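S.K.: The structure follows.
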Amino acid sequence: MTTKTTLLAASILLCLHAGNGLAAELAPNTPDASAADAGAVTGTADAARDATTLDVVSVVGTGQTRQVQALGKADLQRQAAGTSPLKVMAKLPGVHFQSSDPWGNYEWSSKLSIRGFSQQQLGFTLDGVPLGDMSYGNHNGLHISRAITAENLSGAELSQGSGAIDTASSGNLGGTLRFFSADPSADFGVRLAQTIGSDSTSRSYVRMDTGDHNGFSAYLSGVFHTTDKWKGEGPQRNTQFNGKFIYAGDDFKITGYADSSRRRETDYADLSLESAKRLGMDWDNYAKDWQRAIDAANGIFRGGVTSLDDAYYIARGVRDDDLAYLSGEWNVNPDLTLAATVYYHNNEGQGHWATPYSKSPTVPIRMRTTEYDIERTGFMPSLSWQIGNHRLQAGLWLEKNDHGVQRNFYDLSATEPPNDIFFYRNPSQRVFRQRFDTDTRMYYVLDHMEFADGRLAIDAGFKGLKVETDGKTLIGGASRASGKLVSEDNFLPQLGARWQLSEHEEIFGSYSENLSAFRTGVNGPHSTSQAAFDAAVKTLEPETSKTLEAGLRTSRDSVEASVAVYRVNFENRLLAIARCAGIVGCASSFANVGDVESRGAEVTVLWKPIAGLSWYNSLAFNDSQYQSDYLDGTTLVRTKGKQVVDAPKRLYATEIRWDQDGLSLQLGAKYTDKRYLTYLNDSKVSGFWVVDASASYEWKDVSWADSFKLQLNITNLFDKEYFGSIGTNGFVASDPRGLNYTVQSGAPRQAFLTAEVRF
């Protein structure tokens, strides 16, 4: 704690004299204006551009050297209140996102992939602060829905291939998503919003802005969201507070942000393809039928149930998070800017599972928990220096992460079913407990050059990354390993170029190399026996990727479009080979099992035939294939040439929007192609369409308020029945009979009405 306290204090002092670094990475203003008119922007400004430039950037990103797309505040606010930005970004080309709830916030089922890369292989930041891989059993960050209230987001930016070189991520093999918080308003104001809807949904949001006072402005907001599950029993609750301040002068700017989130989720049942046919897509866990759960645990099945794994009594996720950062920006002179950010994140979480595979003294069910804690401190200094036609950038990312994970059992009572959501303490049995100390160091250098009166732009740079983890097993040494892991590459190059062909058209191309550090925690290499870890660590290599992409953009009065093609070589794929059913929780073996090659194309077209009317379309084709067979023990698994799991070949999104005199109407649809559930491609789910709709009307300058707005959102308009998330319990090599409980149903049609008033 002494080292972390010293680092935090020193960083805060530096922030008071340095700058908001990573330039637009921490810029509070994303391209809201253009995105609000266009619905989506293609190739938004690079991290080095300032907020003024971001406000006027072309909706096709003229001048960019890589494939980048973004959504602005208006896009996010047209969705049902509380909707995850990940779900909104699913309309962008190459983005595949699924969740079992209508908002995309239910973390157990939240699944994101881009160009065949899964969520754990992507990078995520909020105002430049790293969010880790945002996975359910997170070891190095937190989900965006816990980092900021949806209403306080000002925009989100996607880099499908090579993310900005300054992105603070140790896992972004396949791209990055950067989220931006809204700035405080320059005027004093109060904003109130109330949402009601399907399944007893209630969401209350309040925000107060201080207005600007001699360069200082701030806001404080709170939200309480509660809803029942759309099937089965159990509440979903979230309480969250955000605060942000800015203090700015002629040549400096200091920004502070704080978030506190308390999330309580009741899980939906994981289905298999076979159980979904037998029991129906709306089948769920037994809660609140405690006696039926007890009978099932004793082998007494009824109502079509044939297996212990068809349902459990209840499962839950409990997460408490506190996140804060302080950043500063100092314009030393017109050409030189210094910047720094310091951040702190604390997390405690538990996953609950009422399992019939372990017995309490009075009932054949026990509560099994996986318990997490994270304490991260980070520091990110940087500089930007304009020298002639060169803009030089350099910076560091330093992070210390103390992470713990443990598996425990708690005895239950035959007369008191576990219906309440809380943190369990004092376990009846401890299975394992591990601690991980991880030190991350990243540095980067970038030169942005412009020639031929700006018609030619070149970005050339590199970054170095070193992640050291020291894992210690405190309990359960027979099945969990201790030891050190190091992921390191001191030269990961990035090169991009853009050539302006005419006033309206340009071509671009980029190449990048990235490395993903070994995971820690419940699903990393330390989750195996000591002997297996010692044998594997001698040859284990971190995953790497090489991305090459090129494209063409055009920007005209009524049509804006982009076309991009890419090839990605993903090397040293790591695979955890399970030796028993997931519920038992035994150790796995880790190995590098070969490479993956992805090739594809992405098309975006935005047509604006008349004022107020726009039609957005995106089409993506992706072919991700395993390049090698691998051995599982003595069994040869013939995966070469097979499609990557949960990586649809085709994605198509279309959205038509009408905005006129306070009225806004929107209809959007997304097609997702078939997806494979096994590495041998002998089990799959079919493709499907889902349609969403929204309508709103805003009254301005009413007698009793500055504005009043009503908004109606309908998700899954035609009530399509489909499999949404897959791989919730992982993937297996082969499952031709569809027996793996690893899929979840998509949410049916839901309706939500929001009333919002601003004073």
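Labels for the structure tokens follow display order: chains A, B, ..., residues from 1 in each chain, ligands from 1.
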Each residue of range 615-650 of chain A with at least one atom at most 6 Å from range 593-611 of chain A should appear once, together with its nearest atom pair and the corresponding distance in Å (one decimal); atoms considered: only C-alpha atoms; ordering: chain, then increasing residue number; output as JSON lines.

M.R.:
{"residue": "A:Trp615", "atom": "CA", "partner": "A:Trp607", "partner_atom": "CA", "distance": 5.2}
{"residue": "A:Tyr616", "atom": "CA", "partner": "A:Leu606", "partner_atom": "CA", "distance": 4.5}
{"residue": "A:Asn617", "atom": "CA", "partner": "A:Val605", "partner_atom": "CA", "distance": 5.3}
{"residue": "A:Ser618", "atom": "CA", "partner": "A:Thr604", "partner_atom": "CA", "distance": 4.5}
{"residue": "A:Leu619", "atom": "CA", "partner": "A:Val603", "partner_atom": "CA", "distance": 5.1}
{"residue": "A:Ala620", "atom": "CA", "partner": "A:Glu602", "partner_atom": "CA", "distance": 4.4}
{"residue": "A:Phe621", "atom": "CA", "partner": "A:Gly600", "partner_atom": "CA", "distance": 5.2}
{"residue": "A:Asn622", "atom": "CA", "partner": "A:Gly600", "partner_atom": "CA", "distance": 4.3}
{"residue": "A:Asp623", "atom": "CA", "partner": "A:Arg599", "partner_atom": "CA", "distance": 5.3}
{"residue": "A:Ser624", "atom": "CA", "partner": "A:Ser598", "partner_atom": "CA", "distance": 4.1}
{"residue": "A:Gln625", "atom": "CA", "partner": "A:Glu597", "partner_atom": "CA", "distance": 5.6}
{"residue": "A:Tyr626", "atom": "CA", "partner": "A:Val596", "partner_atom": "CA", "distance": 4.5}
{"residue": "A:Gln627", "atom": "CA", "partner": "A:Asp595", "partner_atom": "CA", "distance": 5.3}
{"residue": "A:Ser628", "atom": "CA", "partner": "A:Gly594", "partner_atom": "CA", "distance": 5.2}
{"residue": "A:Tyr630", "atom": "CA", "partner": "A:Val593", "partner_atom": "CA", "distance": 5.6}

S.K.: Those same residues, written as a short mmCIF file (atom, residue, chain, number, x, y, z; two decimals), in the first residue's frame with all heavy atoms?

M.R.:
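Saved as again_4.cif:
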data_model
loop_
_atom_site.label_atom_id
_atom_site.label_comp_id
_atom_site.auth_asym_id
_atom_site.auth_seq_id
_atom_site.Cartn_x
_atom_site.Cartn_y
_atom_site.Cartn_z
N TRP A 615 -30.75 7.54 -44.02
CA TRP A 615 -30.82 6.09 -44.10
C TRP A 615 -29.41 5.55 -44.01
O TRP A 615 -28.58 5.79 -44.88
CB TRP A 615 -31.50 5.64 -45.40
CG TRP A 615 -31.73 4.15 -45.47
CD1 TRP A 615 -31.73 3.26 -44.45
CD2 TRP A 615 -31.99 3.39 -46.67
NE1 TRP A 615 -31.99 1.99 -44.89
CE2 TRP A 615 -32.16 2.04 -46.26
CE3 TRP A 615 -32.14 3.72 -48.01
CZ2 TRP A 615 -32.43 1.02 -47.17
CZ3 TRP A 615 -32.40 2.70 -48.92
CH2 TRP A 615 -32.55 1.37 -48.50
N TYR A 616 -29.14 4.84 -42.91
CA TYR A 616 -27.81 4.30 -42.64
C TYR A 616 -27.79 2.80 -42.89
O TYR A 616 -28.72 2.08 -42.52
CB TYR A 616 -27.43 4.58 -41.18
CG TYR A 616 -26.17 3.88 -40.72
CD1 TYR A 616 -24.92 4.44 -40.97
CD2 TYR A 616 -26.23 2.67 -40.03
CE1 TYR A 616 -23.77 3.80 -40.54
CE2 TYR A 616 -25.08 2.03 -39.60
CZ TYR A 616 -23.85 2.59 -39.86
OH TYR A 616 -22.71 1.96 -39.45
N ASN A 617 -26.72 2.32 -43.55
CA ASN A 617 -26.56 0.90 -43.81
C ASN A 617 -25.11 0.50 -43.58
O ASN A 617 -24.19 1.23 -43.96
CB ASN A 617 -26.94 0.55 -45.25
CG ASN A 617 -28.42 0.72 -45.53
OD1 ASN A 617 -29.20 -0.21 -45.33
ND2 ASN A 617 -28.81 1.91 -45.98
N SER A 618 -24.92 -0.66 -42.98
CA SER A 618 -23.58 -1.22 -42.85
C SER A 618 -23.64 -2.71 -43.16
O SER A 618 -24.59 -3.40 -42.78
CB SER A 618 -23.01 -0.99 -41.45
OG SER A 618 -23.63 -1.82 -40.50
N LEU A 619 -22.63 -3.17 -43.87
CA LEU A 619 -22.54 -4.57 -44.26
C LEU A 619 -21.12 -5.04 -43.99
O LEU A 619 -20.15 -4.36 -44.33
CB LEU A 619 -22.88 -4.74 -45.74
CG LEU A 619 -22.70 -6.14 -46.34
CD1 LEU A 619 -23.68 -7.12 -45.70
CD2 LEU A 619 -22.88 -6.10 -47.85
N ALA A 620 -20.99 -6.20 -43.34
CA ALA A 620 -19.67 -6.74 -43.04
C ALA A 620 -19.63 -8.21 -43.41
O ALA A 620 -20.57 -8.97 -43.15
CB ALA A 620 -19.35 -6.57 -41.55
N PHE A 621 -18.52 -8.60 -44.04
CA PHE A 621 -18.24 -10.01 -44.33
C PHE A 621 -16.92 -10.36 -43.66
O PHE A 621 -15.91 -9.67 -43.85
CB PHE A 621 -18.14 -10.26 -45.82
CG PHE A 621 -17.69 -11.66 -46.15
CD1 PHE A 621 -18.59 -12.72 -46.13
CD2 PHE A 621 -16.36 -11.93 -46.44
CE1 PHE A 621 -18.18 -14.01 -46.41
CE2 PHE A 621 -15.94 -13.23 -46.72
CZ PHE A 621 -16.85 -14.27 -46.71
N ASN A 622 -16.92 -11.40 -42.84
CA ASN A 622 -15.72 -11.81 -42.12
C ASN A 622 -15.57 -13.32 -42.19
O ASN A 622 -16.50 -14.07 -41.90
CB ASN A 622 -15.81 -11.38 -40.65
CG ASN A 622 -14.61 -11.86 -39.85
OD1 ASN A 622 -13.52 -11.31 -39.97
ND2 ASN A 622 -14.80 -12.90 -39.04
N ASP A 623 -14.39 -13.75 -42.59
CA ASP A 623 -14.07 -15.18 -42.66
C ASP A 623 -12.89 -15.44 -41.74
O ASP A 623 -11.74 -15.16 -42.08
CB ASP A 623 -13.72 -15.57 -44.10
CG ASP A 623 -13.47 -17.06 -44.25
OD1 ASP A 623 -13.82 -17.82 -43.33
OD2 ASP A 623 -12.93 -17.47 -45.30
N SER A 624 -13.18 -15.95 -40.54
CA SER A 624 -12.14 -16.26 -39.55
C SER A 624 -12.02 -17.78 -39.43
O SER A 624 -12.99 -18.46 -39.08
CB SER A 624 -12.49 -15.67 -38.18
OG SER A 624 -12.48 -14.26 -38.22
N GLN A 625 -10.83 -18.30 -39.72
CA GLN A 625 -10.61 -19.74 -39.73
C GLN A 625 -9.42 -20.12 -38.87
O GLN A 625 -8.39 -19.43 -38.85
CB GLN A 625 -10.36 -20.25 -41.16
CG GLN A 625 -11.53 -20.10 -42.10
CD GLN A 625 -11.25 -20.73 -43.45
OE1 GLN A 625 -10.29 -21.48 -43.62
NE2 GLN A 625 -12.10 -20.43 -44.44
N TYR A 626 -9.56 -21.25 -38.16
CA TYR A 626 -8.43 -21.83 -37.44
C TYR A 626 -7.43 -22.37 -38.47
O TYR A 626 -7.83 -23.01 -39.45
CB TYR A 626 -8.89 -22.94 -36.51
CG TYR A 626 -9.89 -22.50 -35.47
CD1 TYR A 626 -11.19 -22.99 -35.45
CD2 TYR A 626 -9.53 -21.58 -34.50
CE1 TYR A 626 -12.10 -22.59 -34.49
CE2 TYR A 626 -10.44 -21.17 -33.52
CZ TYR A 626 -11.72 -21.67 -33.53
OH TYR A 626 -12.62 -21.27 -32.58
N GLN A 627 -6.15 -22.14 -38.23
CA GLN A 627 -5.13 -22.53 -39.19
C GLN A 627 -4.40 -23.82 -38.80
O GLN A 627 -3.52 -24.28 -39.54
CB GLN A 627 -4.10 -21.41 -39.33
CG GLN A 627 -4.68 -20.11 -39.88
CD GLN A 627 -5.26 -20.29 -41.27
OE1 GLN A 627 -4.54 -20.60 -42.22
NE2 GLN A 627 -6.57 -20.10 -41.39
N SER A 628 -4.77 -24.39 -37.65
CA SER A 628 -4.03 -25.56 -37.18
C SER A 628 -4.96 -26.53 -36.48
O SER A 628 -5.98 -26.14 -35.90
CB SER A 628 -2.92 -25.16 -36.20
OG SER A 628 -2.10 -24.14 -36.73
N TYR A 630 -4.99 -29.36 -33.27
CA TYR A 630 -4.28 -29.39 -32.00
C TYR A 630 -4.56 -30.71 -31.28
O TYR A 630 -5.54 -31.40 -31.57
CB TYR A 630 -4.65 -28.20 -31.11
CG TYR A 630 -6.06 -28.21 -30.57
CD1 TYR A 630 -6.35 -28.79 -29.34
CD2 TYR A 630 -7.11 -27.61 -31.27
CE1 TYR A 630 -7.64 -28.80 -28.83
CE2 TYR A 630 -8.39 -27.61 -30.76
CZ TYR A 630 -8.66 -28.21 -29.55
OH TYR A 630 -9.93 -28.22 -29.05
#

S.K.: Per residue of range 661-709 of chain A within 12 Å of range 176-190 of chain A, note the shortest atom pair and the distance in Å to one decimal, counting only C-alpha atoms, and order the rows by chain and increasing residue number, as a tab-separated table.

M.R.:
residue	atom	partner	partner_atom	distance
A:Ala705	CA	A:Val190	CA	9.9
A:Asp706	CA	A:Gly189	CA	9.2
A:Ser707	CA	A:Val190	CA	10.9

S.K.: At a cut-off of 12 Å, using only C-alpha atoms, what residues contact range 750-752 of chain A? Leave out same-chain residues fewer than 2 positions from it and give the result as a ChimeraX atom specification.

M.R.: /A:78-83,101-103,194-203,227,229-230,691-696,710-720,746-748,754-755

S.K.: Identify, on the basis of only C-alpha atoms, every residue whose closest approach to Phe432 in chain A does not exceed 6 Å; exclude the query and any residue fewer than 6 positions from it along the same chain; express the result as an MDAnalysis selection string.

M.R.: chainID A and resid 406:407 475:476

S.K.: From the set A:Lys91, A:Arg264, A:Lys538, A:His345, which residue has the shortest atom-to-atom contact distance to Leu485 in chain A, counting only C-alpha atoms?

M.R.: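 Ranked by minimum distance to Leu485 in chain A, first place goes to A:Lys538.
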
S.K.: Could you find all residues in range 324-498 of chain A that DSSP calls strand (DSSP E) from the backbone, and write them as a PyMOL selection string?

M.R.: chain A and resi 324-333+336-355+366-387+390-411+429-451+456-475+483-498

S.K.: Could you check which of A:Leu412, A:Val68, A:Phe436, A:Gly116 is closest to Tyr676 in chain A, using only C-alpha atoms?

M.R.: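 Closest residue, counting only C-alpha atoms: A:Gly116.
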
S.K.: What lies within 7 Å of Thr678 in chain A using only C-alpha atoms, ignoring chain neighbours under 4 positions off, as a short mmCIF file (atom, residue, chain, number, x, y, z; two decimals) with all heavy atoms, in the first residue's frame?

M.R.:
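Writing the result to out-v9.cif gives the following:
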data_model
loop_
_atom_site.label_atom_id
_atom_site.label_comp_id
_atom_site.auth_asym_id
_atom_site.auth_seq_id
_atom_site.Cartn_x
_atom_site.Cartn_y
_atom_site.Cartn_z
N VAL A 645 -15.52 -19.95 -33.49
CA VAL A 645 -16.80 -19.98 -32.78
C VAL A 645 -17.31 -18.55 -32.55
O VAL A 645 -16.53 -17.60 -32.39
CB VAL A 645 -16.67 -20.71 -31.43
CG1 VAL A 645 -16.39 -22.19 -31.66
CG2 VAL A 645 -15.57 -20.09 -30.57
N ASP A 682 -19.58 -28.64 -35.55
CA ASP A 682 -20.65 -29.63 -35.66
C ASP A 682 -21.88 -29.25 -34.85
O ASP A 682 -22.79 -30.07 -34.66
CB ASP A 682 -20.16 -31.03 -35.27
CG ASP A 682 -19.58 -31.09 -33.86
OD1 ASP A 682 -19.74 -30.11 -33.10
OD2 ASP A 682 -18.96 -32.12 -33.53
N SER A 683 -21.93 -28.00 -34.37
CA SER A 683 -23.11 -27.49 -33.67
C SER A 683 -23.19 -25.99 -33.93
O SER A 683 -22.17 -25.29 -33.86
CB SER A 683 -23.00 -27.78 -32.17
OG SER A 683 -24.17 -27.36 -31.49
N PHE A 731 -16.87 -22.86 -24.81
CA PHE A 731 -17.06 -23.67 -26.01
C PHE A 731 -16.31 -24.99 -25.85
O PHE A 731 -15.35 -25.10 -25.08
CB PHE A 731 -16.55 -22.93 -27.25
CG PHE A 731 -17.26 -21.64 -27.51
CD1 PHE A 731 -16.68 -20.43 -27.14
CD2 PHE A 731 -18.50 -21.61 -28.10
CE1 PHE A 731 -17.32 -19.23 -27.37
CE2 PHE A 731 -19.16 -20.41 -28.33
CZ PHE A 731 -18.57 -19.22 -27.96
N VAL A 732 -16.76 -26.00 -26.58
CA VAL A 732 -16.11 -27.31 -26.56
C VAL A 732 -15.74 -27.68 -27.99
O VAL A 732 -16.19 -27.06 -28.96
CB VAL A 732 -17.04 -28.38 -25.95
CG1 VAL A 732 -17.31 -28.07 -24.49
CG2 VAL A 732 -18.36 -28.47 -26.73
N ALA A 733 -14.90 -28.71 -28.11
CA ALA A 733 -14.44 -29.10 -29.44
C ALA A 733 -15.58 -29.66 -30.29
O ALA A 733 -15.71 -29.33 -31.47
CB ALA A 733 -13.32 -30.13 -29.32
N SER A 734 -16.42 -30.48 -29.68
CA SER A 734 -17.47 -31.15 -30.45
C SER A 734 -18.71 -31.33 -29.59
O SER A 734 -18.62 -31.66 -28.41
CB SER A 734 -16.98 -32.52 -30.94
OG SER A 734 -17.99 -33.21 -31.64
N ASP A 735 -19.89 -31.11 -30.20
CA ASP A 735 -21.16 -31.29 -29.48
C ASP A 735 -22.28 -31.48 -30.50
O ASP A 735 -23.20 -30.67 -30.60
CB ASP A 735 -21.44 -30.07 -28.60
CG ASP A 735 -22.71 -30.23 -27.76
OD1 ASP A 735 -23.07 -31.37 -27.44
OD2 ASP A 735 -23.33 -29.20 -27.44
#

S.K.: Where does DSSP see alpha helix (DSSP H) in range 284-468 of chain A, if you list the residues as a list in words?

M.R.: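 After running DSSP on the backbone, range 284-468 of chain A has alpha helix (DSSP H) at Trp290, Gln291, Arg292, Ala293, Ile294, Asp295, Ala296 and Ala297 of chain A.
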
S.K.: Save out the residues we just selected, N, CA, C and O atoms, as an mmCIF file, in the first residue's frame.

M.R.:
data_model
loop_
_atom_site.group_PDB
_atom_site.id
_atom_site.type_symbol
_atom_site.label_atom_id
_atom_site.label_comp_id
_atom_site.auth_asym_id
_atom_site.auth_seq_id
_atom_site.Cartn_x
_atom_site.Cartn_y
_atom_site.Cartn_z
ATOM 1 N N TRP A 290 -38.690 -23.529 -4.388
ATOM 2 C CA TRP A 290 -37.592 -24.133 -3.635
ATOM 3 C C TRP A 290 -37.753 -25.647 -3.537
ATOM 4 O O TRP A 290 -36.767 -26.392 -3.660
ATOM 5 N N GLN A 291 -38.981 -26.122 -3.364
ATOM 6 C CA GLN A 291 -39.197 -27.560 -3.231
ATOM 7 C C GLN A 291 -38.870 -28.287 -4.529
ATOM 8 O O GLN A 291 -38.301 -29.392 -4.507
ATOM 9 N N ARG A 292 -39.202 -27.687 -5.668
ATOM 10 C CA ARG A 292 -38.880 -28.339 -6.945
ATOM 11 C C ARG A 292 -37.369 -28.434 -7.133
ATOM 12 O O ARG A 292 -36.856 -29.426 -7.654
ATOM 13 N N ALA A 293 -36.644 -27.396 -6.718
ATOM 14 C CA ALA A 293 -35.183 -27.433 -6.806
ATOM 15 C C ALA A 293 -34.615 -28.524 -5.911
ATOM 16 O O ALA A 293 -33.670 -29.235 -6.295
ATOM 17 N N ILE A 294 -35.193 -28.687 -4.710
ATOM 18 C CA ILE A 294 -34.737 -29.742 -3.797
ATOM 19 C C ILE A 294 -35.021 -31.117 -4.395
ATOM 20 O O ILE A 294 -34.165 -32.020 -4.367
ATOM 21 N N ASP A 295 -36.221 -31.275 -4.958
ATOM 22 C CA ASP A 295 -36.566 -32.556 -5.583
ATOM 23 C C ASP A 295 -35.620 -32.875 -6.731
ATOM 24 O O ASP A 295 -35.152 -34.018 -6.868
ATOM 25 N N ALA A 296 -35.325 -31.878 -7.561
ATOM 26 C CA ALA A 296 -34.419 -32.111 -8.693
ATOM 27 C C ALA A 296 -33.031 -32.508 -8.209
ATOM 28 O O ALA A 296 -32.377 -33.387 -8.789
ATOM 29 N N ALA A 297 -32.569 -31.857 -7.136
ATOM 30 C CA ALA A 297 -31.260 -32.206 -6.580
ATOM 31 C C ALA A 297 -31.236 -33.642 -6.069
ATOM 32 O O ALA A 297 -30.177 -34.283 -6.040
#

S.K.: Show me, as a PyMOL selection string, the residues that have an atom within 7 Å of Asn408 in chain A when counting only C-alpha atoms, minus same-chain residues fewer than 4 positions from it.

M.R.: chain A and resi 368-370+427+429-431

S.K.: Please compute the CA of Glu329 in chain A-CA of Phe462 in chain A distance, one decimal, in Å.

M.R.: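 Interatomic distance here is 23.4 Å.
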